[in-house]
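Here is the structure we will look at, set down as structure tokens.
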Amino acid sequence: MRAFDKNIGALEKTQLMCCGATIGQCHAIMEIGLAGEISLIDLANVLNLDKSTMSRTVNNLVADHWVERIIDPNNRRYVKLMLSNKGQVLNEQISAVLNAYFGKIMNDIPENKREQVTESLELLIYALNKNNCC
């Protein structure tokens with residue numbers, strides 16, 4: 001598990017930095033992209049971060065014109081986050097980098113074992129989410 005964590009950390013440091021955003025920004029961009037629109041609190045919960053840390057990250061994303069804040073007309077205290085056009089392009093770049101990287105990894109796994117690896121990863125993710133304490 002530690003080797004897995006170390007390798008994923010190395011991926012983040014080397015591969016995602018080419019997109020021009022920090023690792024935290026990449027994670028936020030991907031989650032906002034998946035959701036379409038999401039509140040700051042919900043985004044913080046998805047990424048398992050406190051609200052103040054998430055707020056600083058989002059402020060930087062807004063300043064870089066990757067994310068837009070949309071105020072709910074029915075409740076001015078509720079703000080939705082959405083990717084801007086520039087943010088959508090960044091999200092596509094991040095996805096392309098990750099797809100290429102993980103595609104290479106899957107190609108190095110024997111074809112008859114890929115389904116087994118996928119199933120094992122799903123079990124691992126389930127266990128990690130279940131035991132996520134921090």
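Numbering starts fresh at 1 for the residues of each chain in the structure tokens, the chains themselves are lettered A, B, ... in the order given, and ligands are numbered from 1 as they appear.
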Mind dumping a table of every segment 68-105 of chain A residue within 9 Å of segment 57-62 of chain A, with the nearest atom pair and its distance in Å to one decimal, using only C-alpha atoms, sorted by chain and rising number, as a tab-separated table?
```
residue	atom	partner	partner_atom	distance
A:Glu68	CA	A:Val62	CA	5.9
A:Arg69	CA	A:Val62	CA	7.5
A:Leu81	CA	A:Val58	CA	8.6
A:Ser84	CA	A:Val62	CA	9.0
A:Gly87	CA	A:Leu61	CA	8.5
```
message: If you run DSSP on the backbone here, which positions in chain A get strand (DSSP E or B)? Please write them as a ChimeraX atom specification.
response: /A:38-39,67-72,75-83
- request: Using only C-alpha atoms, find the one residue out of A:Glu119, A:Glu37, A:Asp108, A:Glu92 that sits nearest to Ile71 of chain A.
  value: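 For Ile71 of chain A, the nearest of the given residues is A:Glu37.
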